[in-house]
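*Asks:* Below is the file work26.pdb, which contains PDB, C-alpha atoms.
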ATOM      1  CA  MET W   5       0.000   0.000   0.000
ATOM      2  CA  SER W   6       2.882   2.315   0.755
ATOM      3  CA  LYS W   7       4.236   1.952  -2.816
ATOM      4  CA  LEU W   8       0.782   2.774  -4.194
ATOM      5  CA  CYS W   9       0.554   5.963  -2.107
ATOM      6  CA  THR W  10       4.063   6.994  -3.139
ATOM      7  CA  SER W  11       3.265   6.350  -6.813
ATOM      8  CA  ALA W  12      -0.006   8.297  -6.568
ATOM      9  CA  SER W  13       1.794  11.213  -4.911
ATOM     10  CA  PHE W  14       4.413  11.197  -7.677
ATOM     11  CA  VAL W  15       1.747  11.236 -10.413
ATOM     12  CA  LEU W  16      -0.130  14.084  -8.701
ATOM     13  CA  ALA W  17       3.097  16.086  -8.407
ATOM     14  CA  LEU W  18       3.774  15.593 -12.130
ATOM     15  CA  LEU W  19       0.259  16.691 -13.063
ATOM     16  CA  ALA W  20       0.523  19.780 -10.877
ATOM     17  CA  GLY W  21       3.753  20.735 -12.642
ATOM     18  CA  CYS W  22       1.974  20.547 -16.014
ATOM     19  CA  ALA W  23      -0.806  22.938 -15.024
ATOM     20  CA  THR W  24      -0.750  26.061 -17.145
ATOM     21  CA  SER W  25      -1.100  29.523 -15.702
ATOM     22  CA  PRO W  26      -3.750  31.813 -17.125
ATOM     23  CA  PRO W  27      -2.591  33.911 -20.082
ATOM     24  CA  GLU W  28      -1.400  37.425 -19.298
ATOM     25  CA  ASP W  29      -3.474  40.386 -20.435
ATOM     26  CA  PRO W  30      -2.257  42.041 -23.659
ATOM     27  CA  LEU W  31       0.293  44.870 -23.621
ATOM     28  CA  TYR W  32      -0.694  48.380 -24.696
ATOM     29  CA  SER W  33       1.577  51.406 -25.051
ATOM     30  CA  GLY W  34       1.034  55.075 -25.699
ATOM     31  CA  GLU W  35       0.673  58.486 -24.109
ATOM     32  CA  TYR W  36      -1.242  58.637 -20.850
ATOM     33  CA  PHE W  37      -3.011  61.949 -20.101
ATOM     34  CA  TYR W  38      -4.484  62.805 -16.707
ATOM     35  CA  ASN W  39      -6.004  65.803 -14.961
ATOM     36  CA  PHE W  40      -8.636  66.549 -12.329
ATOM     37  CA  GLU W  41     -11.518  65.355 -14.508
ATOM     38  CA  SER W  42     -10.225  62.808 -17.007
ATOM     39  CA  SER W  43      -7.667  60.089 -17.534
ATOM     40  CA  TYR W  44      -7.062  58.371 -20.854
ATOM     41  CA  LEU W  45      -4.538  56.584 -23.057
ATOM     42  CA  THR W  46      -3.810  57.554 -26.656
ATOM     43  CA  PRO W  47      -2.500  54.188 -27.882
ATOM     44  CA  ASP W  48       0.455  54.044 -30.250
ATOM     45  CA  GLY W  49      -0.631  54.029 -33.888
ATOM     46  CA  LYS W  50      -4.218  55.096 -33.161
ATOM     47  CA  ASN W  51      -5.931  58.459 -33.302
ATOM     48  CA  GLU W  52      -8.340  57.783 -30.435
ATOM     49  CA  ALA W  53      -8.594  57.877 -26.650
ATOM     50  CA  TRP W  54      -9.242  54.989 -24.259
ATOM     51  CA  CYS W  55     -10.611  55.877 -20.819
ATOM     52  CA  ILE W  56      -8.614  54.650 -17.828
ATOM     53  CA  ASP W  57      -9.376  54.617 -14.103
ATOM     54  CA  ALA W  58      -6.815  57.098 -12.721
ATOM     55  CA  GLY W  59      -6.903  55.292  -9.366
ATOM     56  CA  ARG W  60      -4.820  52.486 -10.864
ATOM     57  CA  MET W  61      -2.288  54.785 -12.523
ATOM     58  CA  GLY W  62      -0.646  56.475  -9.524
ATOM     59  CA  ARG W  63       2.853  55.358 -10.513
ATOM     60  CA  ALA W  64       2.441  57.139 -13.889
ATOM     61  CA  MET W  65       1.355  60.472 -12.377
ATOM     62  CA  LEU W  66       3.405  63.368 -11.015
ATOM     63  CA  PRO W  67       2.413  64.854  -7.653
ATOM     64  CA  ALA W  68       0.037  67.823  -7.751
ATOM     65  CA  LYS W  69       1.735  71.228  -7.927
ATOM     66  CA  ASP W  70      -1.302  73.344  -7.023
ATOM     67  CA  VAL W  71      -4.991  73.221  -6.062
ATOM     68  CA  ASN W  72      -5.923  71.990  -9.551
ATOM     69  CA  GLY W  73      -4.517  68.578  -8.613
ATOM     70  CA  GLN W  74      -2.452  66.236 -10.728
ATOM     71  CA  TRP W  75      -2.176  67.195 -14.395
ATOM     72  CA  GLY W  76       0.209  65.873 -17.036
ATOM     73  CA  THR W  77       1.260  63.170 -19.455
ATOM     74  CA  SER W  78       3.459  60.081 -19.306
ATOM     75  CA  ARG W  79       4.643  57.495 -21.769
ATOM     76  CA  VAL W  80       3.371  54.114 -20.542
ATOM     77  CA  VAL W  81       3.351  50.420 -21.293
ATOM     78  CA  VAL W  82       0.505  48.645 -19.491
ATOM     79  CA  ARG W  83      -1.347  45.358 -19.416
ATOM     80  CA  GLY W  84      -5.093  45.393 -19.384
ATOM     81  CA  LYS W  85      -8.470  44.332 -20.649
ATOM     82  CA  LEU W  86      -9.909  46.431 -23.460
ATOM     83  CA  GLY W  87     -13.663  46.899 -23.322
ATOM     84  CA  PRO W  88     -16.007  47.047 -26.318
ATOM     85  CA  ARG W  89     -16.053  49.987 -28.719
ATOM     86  CA  GLY W  90     -18.469  52.690 -27.695
ATOM     87  CA  SER W  91     -18.713  56.239 -26.441
ATOM     88  CA  TYR W  92     -17.286  56.671 -22.921
ATOM     89  CA  GLY W  93     -16.138  59.427 -20.595
ATOM     90  CA  GLY W  94     -16.923  63.114 -20.691
ATOM     91  CA  LEU W  95     -18.746  64.020 -23.913
ATOM     92  CA  GLY W  96     -18.123  60.485 -25.211
ATOM     93  CA  ARG W  97     -14.458  61.276 -25.932
ATOM     94  CA  CYS W  98     -13.201  57.712 -25.411
ATOM     95  CA  GLN W  99     -13.804  54.863 -27.872
ATOM     96  CA  HIS W 100     -12.965  52.142 -25.314
ATOM     97  CA  VAL W 101     -12.425  51.647 -21.601
ATOM     98  CA  LEU W 102      -9.098  50.014 -20.737
ATOM     99  CA  ASP W 103      -9.119  48.182 -17.393
ATOM    100  CA  ILE W 104      -5.466  48.325 -16.274
ATOM    101  CA  THR W 105      -4.165  45.171 -14.590
ATOM    102  CA  GLU W 106      -0.442  46.066 -14.525
ATOM    103  CA  ILE W 107       1.789  49.060 -15.175
ATOM    104  CA  VAL W 108       4.838  47.632 -16.933
ATOM    105  CA  GLU W 109       6.828  50.782 -17.714
ATOM    106  CA  VAL W 110       6.574  54.550 -17.210
ATOM    107  CA  SER W 111       8.808  57.177 -18.841
ATOM    108  CA  ASP W 112       8.858  60.800 -20.008
ATOM    109  CA  MET W 113       6.636  62.124 -17.202
ATOM    110  CA  ARG W 114       5.673  65.763 -17.821
ATOM    111  CA  GLY W 115       3.509  68.058 -15.751
ATOM    112  CA  ARG W 116       1.118  70.703 -17.008
ATOM    113  CA  GLY W 117       2.947  73.296 -19.081
ATOM    114  CA  GLU W 118       6.272  71.407 -19.191
TER     115      GLU W 118
END
Rewrite the structure of this file - the entire thing - as structure tokens.
*Replies:*
Amino acid sequence: MSKLCTSASFVLALLAGCATSPPEDPLYSGEYFYNFESSYLTPDGKNEAWCIDAGRMGRAMLPAKDVNGQWGTSRVVVRGKLGPRGSYGGLGRCQHVLDITEIVEVSDMRGRGE
């Protein structure tokens, strides 16, 4: 019986090692714009805006310089889930909503007027 238990444990360990992890969300890159009332990504190669929840983008935002709050742009590479095409955000400016799951890279951070 002991050999059977050992063999079963070995087989279970092998099967566990073969389990695949879920696929990562796709990468998106572009210019991230944020201010006190909106937050969106202009993806590379597209002439459109994708709304983003600013609460998930803190690492890509400069600290506020005045009472108007945070305001600027950053170059970003992010992972996320892109929602269906539509009309989102203030005045329907955004064609999609991008649900950010990971900030991969941030560069070229500029504040308002820089």
*Asks:* At a cut-off of 8 Å, using all atoms listed in the file, what residues contact stretch 39-48 of chain W? Leave out same-chain residues fewer than 4 positions from it and give the result as a list in words.
*Replies:*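 The contact residues come out as Tyr32, Ser33, Gly34, Glu35, Glu52, Ala53, Trp54, Cys55, Ile56, Asp57, Ala58, Asn72, Gly73, Gln74, Trp75, Gly76, Gly93, Gly94 and Cys98 of chain W.
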*Asks:* Kindly give the distance, in Å, that separates atom CA of W:His100 and atom CA of W:Pro30, rounded to a single decimal.
*Replies:*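 Separating atom CA of W:His100 from atom CA of W:Pro30 is a distance of 14.8 Å.
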*Asks:* To test your reading of the syntax: which residues would the PyMOL selection byres ((chain W and resi 80-90) around 6) return for the file shown? Reply as a PyMOL selection string.
*Replies:* chain W and resi 29-34+79+91+99-110
*Asks:* Provide the atom CA of W:Arg60 to atom CA of W:Gly117 distance in Å, to one decimal place.
*Replies:*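 Those two atoms sit 23.7 Å apart.
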*Asks:* Which is closest to W:Gly62 among W:Pro27, W:Arg97, W:Tyr38, W:Tyr92, if we use all atoms listed in the file?
*Replies:*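 Answer, going by the shortest atom-to-atom distance: W:Tyr38.
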*Asks:* Rank W:Leu95, W:Glu28, W:Lys50, W:Ser111 by their smallest atom-to-atom distance to W:Arg63, using all atoms listed in the file, and report the top residue only.
*Replies:* W:Ser111
*Asks:* Just to confirm, what's the straight-line distance from atom CA of W:Leu66 to atom CA of W:Gly49 in Å (one decimal)?
*Replies:*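 Between these atoms lies a distance of 25.0 Å.
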*Asks:* With distances taken over all atoms listed in the file, which of W:Ala64, W:Asn51, W:Thr77, W:Val71 is nearest to W:Phe37?
*Replies:*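 Among the listed residues, W:Thr77 lies closest to W:Phe37.
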*Asks:* With 3 Å added on each side, what axis-aligned box encloses every listed atom of stretch 95-105 of chain W? Give the centre and edge lengths in Å to one decimal, as lines of an AutoDock Vina configuration file.
*Replies:*
center_x = -11.5
center_y = 54.6
center_z = -21.2
size_x = 20.6
size_y = 24.8
size_z = 19.3
